[in-house]
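Note: the block below is protein_21.txt and it holds compact mmCIF, C-alpha atoms.
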# COMPACT_ATOMS: atom_id res chain seq x y z
CA MET A 1 55.92 154.04 178.49
CA PHE A 2 57.07 154.06 174.88
CA ALA A 3 59.88 155.60 172.88
CA VAL A 4 60.30 156.77 169.30
CA GLN A 5 63.39 156.62 167.14
CA TRP A 6 64.05 156.98 163.41
CA LYS A 7 66.62 155.53 161.00
CA VAL A 8 67.44 155.64 157.28
CA THR A 9 66.08 152.59 155.42
CA THR A 10 67.33 153.42 151.90
CA LYS A 11 71.06 152.91 151.42
CA PRO A 12 72.86 154.07 149.51
CA LEU A 13 71.05 157.37 149.18
CA VAL A 14 71.01 158.42 145.54
CA ILE A 15 70.74 162.13 144.85
CA GLY A 16 67.64 162.76 142.76
CA LYS A 17 65.87 159.64 144.08
CA GLU A 18 63.68 159.03 147.14
CA ALA A 19 65.06 158.76 150.67
CA VAL A 20 63.04 156.99 153.37
CA LEU A 21 63.28 157.71 157.13
CA ALA A 22 61.36 155.22 159.30
CA CYS A 23 60.20 156.15 162.80
CA SER A 24 59.47 153.25 165.16
CA GLY A 25 56.63 154.17 167.49
CA TYR A 26 56.34 151.10 169.72
CA ASN A 27 53.20 151.22 171.85
CA CYS A 28 52.33 154.66 170.47
CA PRO A 29 48.54 154.92 170.97
CA SER A 30 46.52 155.33 167.79
CA TYR A 31 44.88 158.50 169.13
CA LYS A 32 48.23 160.23 169.49
CA THR A 33 49.27 162.65 166.77
CA ARG A 34 52.20 161.70 164.56
CA LYS A 35 54.37 164.23 162.81
CA TRP A 36 57.69 164.89 161.12
CA LEU A 37 59.76 168.06 161.35
CA GLY A 38 63.10 169.00 159.85
CA GLY A 39 64.79 169.96 156.61
CA LYS A 40 67.01 172.89 155.80
CA ASN A 41 64.76 175.39 157.61
CA TYR A 42 63.63 172.91 160.25
CA SER A 43 59.86 173.27 159.86
CA LEU A 44 56.77 171.05 160.10
CA LEU A 45 56.87 168.62 157.17
CA CYS A 46 53.95 166.23 157.79
CA PHE A 47 51.19 166.00 160.40
CA ASP A 48 49.05 162.84 160.79
CA TYR A 49 49.91 161.71 157.25
CA GLU A 50 49.11 165.10 155.71
CA SER A 51 52.06 166.76 153.94
CA ARG A 52 52.77 170.48 154.01
CA ASN A 53 54.63 170.11 150.67
CA ILE A 54 53.33 167.11 148.70
CA SER A 55 55.86 167.62 145.90
CA LYS A 56 58.73 167.15 148.36
CA TYR A 57 57.51 165.13 151.38
CA GLU A 58 55.13 162.24 152.00
CA MET A 59 54.18 160.43 155.20
CA ARG A 60 53.05 156.79 155.25
CA SER A 61 52.20 154.13 157.77
CA ASN A 62 54.24 150.94 157.72
CA GLY A 63 52.95 148.62 160.44
CA ARG A 64 54.10 150.08 163.74
CA ASP A 65 56.35 152.54 161.96
CA PHE A 66 55.42 155.81 160.29
CA VAL A 67 57.83 156.88 157.60
CA LEU A 68 58.90 160.11 155.96
CA ILE A 69 59.64 159.97 152.23
CA ILE A 70 61.90 162.73 150.94
CA LYS A 71 61.35 163.05 147.19
CA SER A 72 64.12 164.06 144.77
CA LEU A 73 66.81 164.07 147.43
CA THR A 74 69.34 166.90 147.18
CA PHE A 75 72.57 167.68 149.00
CA SER A 76 70.73 170.43 150.90
CA ASP A 77 68.48 167.75 152.45
CA LEU A 78 71.54 166.20 154.09
CA ASN A 79 73.29 167.32 157.26
CA CYS A 80 69.97 168.64 158.60
CA GLU A 81 68.00 167.75 161.73
CA TYR A 82 64.87 165.61 161.39
CA THR A 83 62.38 164.88 164.18
CA CYS A 84 59.68 162.25 164.39
CA ALA A 85 57.10 162.66 167.14
CA CYS A 86 54.20 160.69 168.64
CA GLY A 87 52.20 162.87 170.99
CA PHE A 88 54.72 164.57 173.25
CA HIS A 89 57.37 161.92 172.65
CA GLN A 90 59.88 162.74 169.94
CA TYR A 91 63.32 161.84 168.60
CA THR A 92 65.71 164.18 166.77
CA ARG A 93 68.95 163.49 164.95
CA ILE A 94 70.96 164.79 161.98
CA LEU A 95 70.68 163.09 158.60
CA GLN A 96 74.43 162.66 158.30
CA LEU A 97 75.90 159.84 156.26
CA ASP A 98 79.30 158.54 155.29
CA GLU A 99 80.49 159.25 151.75
CA LYS A 100 80.03 155.59 150.85
CA ASP A 101 76.30 155.90 151.61
CA VAL A 102 75.62 158.79 149.19
CA ILE A 103 75.74 158.63 145.39
CA TYR A 104 75.29 161.30 142.74
CA LEU A 105 74.98 159.59 139.36
CA PRO A 106 76.98 161.24 136.56
CA VAL A 107 75.63 164.15 134.55
CA VAL A 108 77.49 163.60 131.28
CA HIS A 109 78.59 166.11 128.65
CA ASP A 110 79.78 164.27 125.53
CA HIS A 111 82.21 166.04 123.20
CA SER A 112 83.57 162.92 121.50
CA HIS A 113 84.41 163.15 117.81
CA THR A 114 86.20 161.45 114.93
CA HIS A 115 89.61 162.69 113.81
CA SER A 116 90.35 163.33 110.13
CA GLN A 117 89.08 160.82 107.60
CA GLU A 118 92.65 159.65 106.97
CA ASP A 119 93.79 158.44 110.38
CA PHE A 120 90.50 156.74 111.41
CA LYS A 121 90.81 157.49 115.11
CA PHE A 122 88.00 158.32 117.51
CA GLN A 123 88.59 160.83 120.30
CA ILE A 124 86.54 160.14 123.44
CA ASN A 125 86.08 163.37 125.36
CA VAL A 126 83.50 163.21 128.14
CA SER A 127 83.13 165.47 131.16
CA MET A 128 80.83 164.75 134.08
CA GLU A 129 79.74 165.81 137.54
CA VAL A 130 79.64 162.85 139.90
CA PHE A 131 80.01 161.66 143.49
CA PRO A 132 81.94 159.73 144.64
CA LEU A 133 84.88 159.48 142.25
CA PRO A 134 84.10 156.67 139.75
CA THR A 135 86.15 154.06 137.90
CA CYS A 136 85.32 153.79 134.20
CA THR A 137 85.97 151.64 131.11
CA ILE A 138 85.03 151.98 127.43
CA VAL A 139 83.21 148.90 126.15
CA SER A 140 82.23 147.63 122.69
CA LYS A 141 80.89 144.21 121.73
CA ASP A 142 84.27 142.48 121.62
CA SER A 143 86.66 144.89 123.34
CA PHE A 144 87.10 147.13 126.34
CA TRP A 145 89.57 149.84 127.26
CA SER A 146 90.52 150.96 130.76
CA ILE A 147 90.80 154.73 130.97
CA ASN A 148 92.24 157.30 133.31
CA ILE A 149 90.04 159.96 134.85
CA SER A 150 91.33 163.48 135.35
CA VAL A 151 89.84 165.42 138.23
CA VAL A 152 89.10 168.96 137.05
CA LYS A 153 87.62 170.14 140.32
CA ARG A 154 87.93 168.38 143.64
CA PRO A 155 85.15 169.28 146.11
CA GLU A 156 85.93 171.21 149.26
CA GLY A 157 84.29 169.78 152.34
CA GLU A 158 81.97 166.79 152.48
CA LEU A 159 79.40 165.59 149.95
CA LYS A 160 80.29 167.92 147.10
CA LEU A 161 80.45 166.96 143.44
CA PHE A 162 83.58 165.97 141.59
CA GLU A 163 84.08 167.45 138.13
CA VAL A 164 86.01 164.91 136.10
CA LEU A 165 87.22 164.46 132.53
CA VAL A 166 87.38 161.17 130.63
CA GLN A 167 89.66 161.30 127.59
CA THR A 168 91.19 158.64 125.38
CA THR A 169 91.76 157.90 121.70
CA ILE A 170 90.94 154.57 120.08
CA GLY A 171 91.44 153.30 116.55
CA THR A 172 88.15 152.67 114.81
CA ASP A 173 89.49 149.25 113.79
CA GLY A 174 88.61 148.31 117.36
CA ALA A 175 84.96 149.28 116.94
CA SER A 176 82.43 147.87 114.52
CA CYS A 177 80.45 150.32 112.39
CA ALA A 178 77.21 148.69 113.56
CA GLU A 179 77.95 149.10 117.28
CA ASN A 180 77.94 151.91 119.78
CA LEU A 181 80.62 152.47 122.39
CA THR A 182 79.52 152.41 126.02
CA LEU A 183 81.07 154.25 128.95
CA ASP A 184 80.68 151.98 132.00
CA CYS A 185 81.33 153.70 135.32
CA LYS A 186 81.21 152.17 138.79
CA VAL A 187 79.88 154.91 141.09
CA GLY A 188 79.92 153.62 144.64
CA SER A 189 77.88 150.41 144.50
CA ILE A 190 75.98 151.37 141.33
CA LEU A 191 77.01 150.59 137.73
CA TYR A 192 76.20 153.55 135.47
CA GLN A 193 76.22 153.14 131.66
CA TYR A 194 76.30 155.88 129.05
CA VAL A 195 76.18 155.32 125.27
CA ILE A 196 78.81 157.42 123.51
CA LYS A 197 78.24 158.84 120.04
CA LYS A 198 78.98 156.19 117.43
CA PRO A 199 82.21 156.84 115.45
CA TYR A 200 81.49 158.57 112.14
CA SER A 201 84.02 156.46 110.24
CA CYS A 202 85.35 153.02 111.03
CA LYS A 203 86.89 149.99 109.38
CA ASP A 204 83.93 149.01 107.19
CA ASP A 205 83.56 152.59 105.92
CA ARG A 206 87.26 152.74 105.10
CA GLU A 207 87.09 149.54 103.04
CA GLN A 208 84.09 150.83 101.12
CA ARG A 209 85.95 154.04 100.22
CA HIS A 210 89.08 152.15 99.01
CA PRO A 211 89.79 152.73 95.23
CA LYS A 212 89.88 148.98 94.50
CA TYR A 213 86.48 148.55 96.07
CA VAL A 214 85.05 151.45 94.03
CA ILE A 215 86.51 150.12 90.72
CA MET A 216 85.22 146.60 91.37
CA THR A 217 81.77 147.93 92.20
CA GLY A 218 81.70 149.95 88.94
CA MET A 219 82.74 146.94 86.84
CA ILE A 220 80.03 144.76 88.39
CA LEU A 221 77.36 147.39 87.76
CA THR A 222 78.50 147.82 84.12
CA LEU A 223 78.40 144.04 83.52
CA VAL A 224 74.91 143.81 84.98
CA LEU A 225 73.73 146.67 82.74
CA VAL A 226 75.18 145.02 79.58
CA LEU A 227 73.56 141.68 80.43
CA LEU A 228 70.25 143.44 80.97
CA ILE A 229 70.44 145.16 77.56
CA VAL A 230 71.39 141.92 75.71
CA THR A 231 68.63 139.95 77.41
CA THR A 232 66.06 142.61 76.53
CA GLY A 233 67.18 142.58 72.85
CA ILE A 234 66.88 138.80 72.61
CA VAL A 235 63.40 138.82 74.11
CA LEU A 236 62.22 141.57 71.73
CA LYS A 237 63.69 139.75 68.71
CA LYS A 238 61.90 136.54 69.61
CA ARG A 239 58.62 138.35 70.06
CA LEU A 240 59.02 140.13 66.65
CA GLY A 241 59.79 136.81 64.91
CA LYS A 242 56.67 135.22 66.34
CA ASN A 243 54.53 138.16 65.16
CA ASN A 244 55.92 137.93 61.54
CA ALA A 245 55.28 134.19 61.39
CA THR A 246 51.72 134.70 62.56
CA GLU A 247 51.07 137.39 59.93
CA GLN A 248 52.43 135.14 57.16
CA ARG A 249 50.19 132.25 58.21
CA ASP A 250 47.15 134.53 58.25
CA MET A 251 47.91 135.81 54.70
CA CYS A 252 48.33 132.32 53.28
CA SER A 253 45.07 131.23 54.84
CA ALA A 254 43.30 134.19 53.24
CA ILE A 255 44.68 133.33 49.77
CA ASP A 256 43.69 129.68 50.11
CA THR A 257 40.23 130.73 51.06
CA VAL A 258 39.87 132.97 47.99
CA VAL A 259 41.23 130.29 45.58
CA ASN A 260 39.15 127.38 46.84
CA GLU A 261 35.89 129.23 47.35
CA PRO A 262 33.17 128.36 44.64
CA PRO A 263 31.99 131.28 42.40
CA THR A 264 28.87 133.21 43.33
CA CYS A 265 25.78 133.59 41.05
CA LEU A 266 26.83 137.05 39.95
CA GLU A 267 30.26 135.71 39.05
CA MET A 268 28.64 132.89 37.02
CA GLU A 269 26.40 135.38 35.14
CA ASN A 270 29.36 137.58 34.30
CA MET A 271 31.27 134.54 33.00
CA LEU A 272 28.39 133.49 30.74
CA THR A 273 28.01 137.01 29.40
CA TYR A 274 31.71 137.09 28.69
CA GLN A 275 31.59 133.78 26.83
CA GLU A 276 28.59 134.81 24.69
CA THR A 277 30.26 138.02 23.70
CA ASN A 278 33.41 136.20 22.68
CA ASN A 279 31.39 133.66 20.67
CA TYR A 280 29.58 136.47 18.78
CA LYS A 281 32.88 138.09 17.92
CA GLU A 282 34.20 134.80 16.55
CA ILE A 283 31.11 134.32 14.25
CA CYS A 284 31.46 137.78 12.84
Show me, as C-alpha cells, the structure contained in the file I just sent.
Amino acid sequence: MFAVQWKVTTKPLVIGKEAVLACSGYNCPSYKTRKWLGGKNYSLLCFDYESRNISKYEMRSNGRDFVLIIKSLTFSDLNCEYTCACGFHQYTRILQLDEKDVIYLPVVHDHSHTHSQEDFKFQINVSMEVFPLPTCTIVSKDSFWSINISVVKRPEGELKLFEVLVQTTIGTDGASCAENLTLDCKVGSILYQYVIKKPYSCKDDREQRHPKYVIMTGMILTLVLVLLIVTTGIVLKKRLGKNNATEQRDMCSAIDTVVNEPPTCLEMENMLTYQETNNYKEIC
C-alpha cells in the first residue's frame, strides 16, 4: 500500500511569482499515471507531466515527488482545492495560507515633487497597492526618515490588497543633488526598495543661484578673458618684431653684396667708353 499527500514548498508565496506544490508518492509504481487537478474551476491541470495550460501550470518530477508549479500566482489561485493523484490514489486539500505566508509586493505610483524654488522643500507623495501592510523609511546616502503610512482602503475579508499613501516633506538640505532618495519598505519578510524621483532643486543648486556666486563667477570669467587678450597681444608683438629684424638683415646683406661684387665686362666697357669721351672733350 502507498499514500499520496501534497504540501506547499515555497514560503512565503509572492503574488506574481511561482508557487510550488509537491506531492509525495511513496511506493507509487512507475507505470501508474500521475496527475494534478484543481484551480478556480477545479479542472485537470497536468497529466503524466503534460500540462493543459503551459503558460500557467507545469509538472515536474523531483525524486519520489512530482510537483505542480503554478506560474504568476494570483489571489484567485488561493483558497482553491488542489488534488494530486497516483493511479486511483489521490489527496485533496485547499491551498489556504495564513496572511504571513502571502506577499503582494507594492505597485507604486509616484507623485513626488519639489515645492517652489524659494523654500527648497521636497514633497514625497507615493501611493501603492500592497499586502500585507508594510513599514517604510526614506533613505539617502547619509540620512533616513521614518514615515507614517495612511491606509486609504482597508481590504474586506482575507488576502485582499491594502491601498496606502506615503506622504512626508523633507528639506533638500538633507539630500545631496547627486543622490536619489529611496523608499525602503518591509513587506512581510521581504525588503522592497523603490527609487523616488530626484529633487529638482537642492542645496548645491541653491548655492549656485546665489547672487554672490553669480557675481564672483562673472568676475573670474572677465579676468580670464582680459589675460587671454593681453597674452595674445604680447605674442603677436614679439612675432612682428622678429619679422622686421629678419627683413632688415636681408636688406643689408643685399646691399653688401651689390657693393662688394666686382664689375662685369659690360660694366668695364661702359666705363672705358665714358673715360674716352671725357678725355676727348677735355682736348677740345
Length of the atom CA of A:Glu163 to atom CA of A:Met128 vector [Å]: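 According to the coordinates, atom CA of A:Glu163 and atom CA of A:Met128 are separated by 5.9 Å.
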Six-sided padding of 3 Å per side, axis-aligned box over stretch 124-139 of chain A, centre and edges in Å, one decimal, as lines of an AutoDock Vina configuration file:
center_x = 83.1
center_y = 157.4
center_z = 134.0
size_x = 12.9
size_y = 22.9
size_z = 27.2
Residues near A:Lys71, cut-off 10 Å, only C-alpha atoms, skip fewer than 4 positions along chain, as a PyMOL selection string: chain A and resi 15-20+54-58
Which residue of A:Leu105, A:Ile170, A:Cys80, A:Val235 approaches A:Ser43 most closely, using all atoms listed in the file: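 The shortest atom-to-atom distance to A:Ser43 comes from A:Cys80.
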Å distance separating atom CA of A:Val151 from atom CA of A:Asn125, one decimal place: 13.6 Å
Residues within 8 Å of A:Gln193, all atoms listed in the file, excluding chain neighbours under 3 positions, as an NGL selection string: :A and (182-185)
Counting only C-alpha atoms, the residue of A:Asn41, A:Asn180, A:Thr169, A:Ser127 that sits nearest A:Asp142: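 Result for the nearest residue to A:Asp142: A:Asn180.
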From A:Val130, A:Leu95, A:Ala22, A:Met216, residue lying nearest A:Leu161 [all atoms listed in the file]: A:Val130
Pick from A:Arg60, A:Arg93, A:Lys35, A:Lys160, whichever lies nearest to A:Lys7 using all atoms listed in the file: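 Nearest candidate to A:Lys7 out of A:Arg60, A:Arg93, A:Lys35, A:Lys160: A:Arg93.
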Counting all atoms listed in the file, the residue of A:Val139, A:Cys84, A:Leu181, A:Leu133 that sits nearest A:Arg154: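 Using all atoms listed in the file, A:Arg154 sits closest to A:Leu133.
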Atom CA of A:Leu44 to atom CA of A:Ser30, distance in Å rounded to a single decimal: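 These atoms are spaced 20.3 Å apart.
The closest residue to A:Tyr194, picked from A:Lys238, A:Thr137, A:Val224, A:Gly233 and counting only C-alpha atoms, is A:Thr137.
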Shell around A:Ala3 at 7 Å using only C-alpha atoms, local window under 5 positions removed, as a VMD selection string: chain A and resid 25 to 26 89
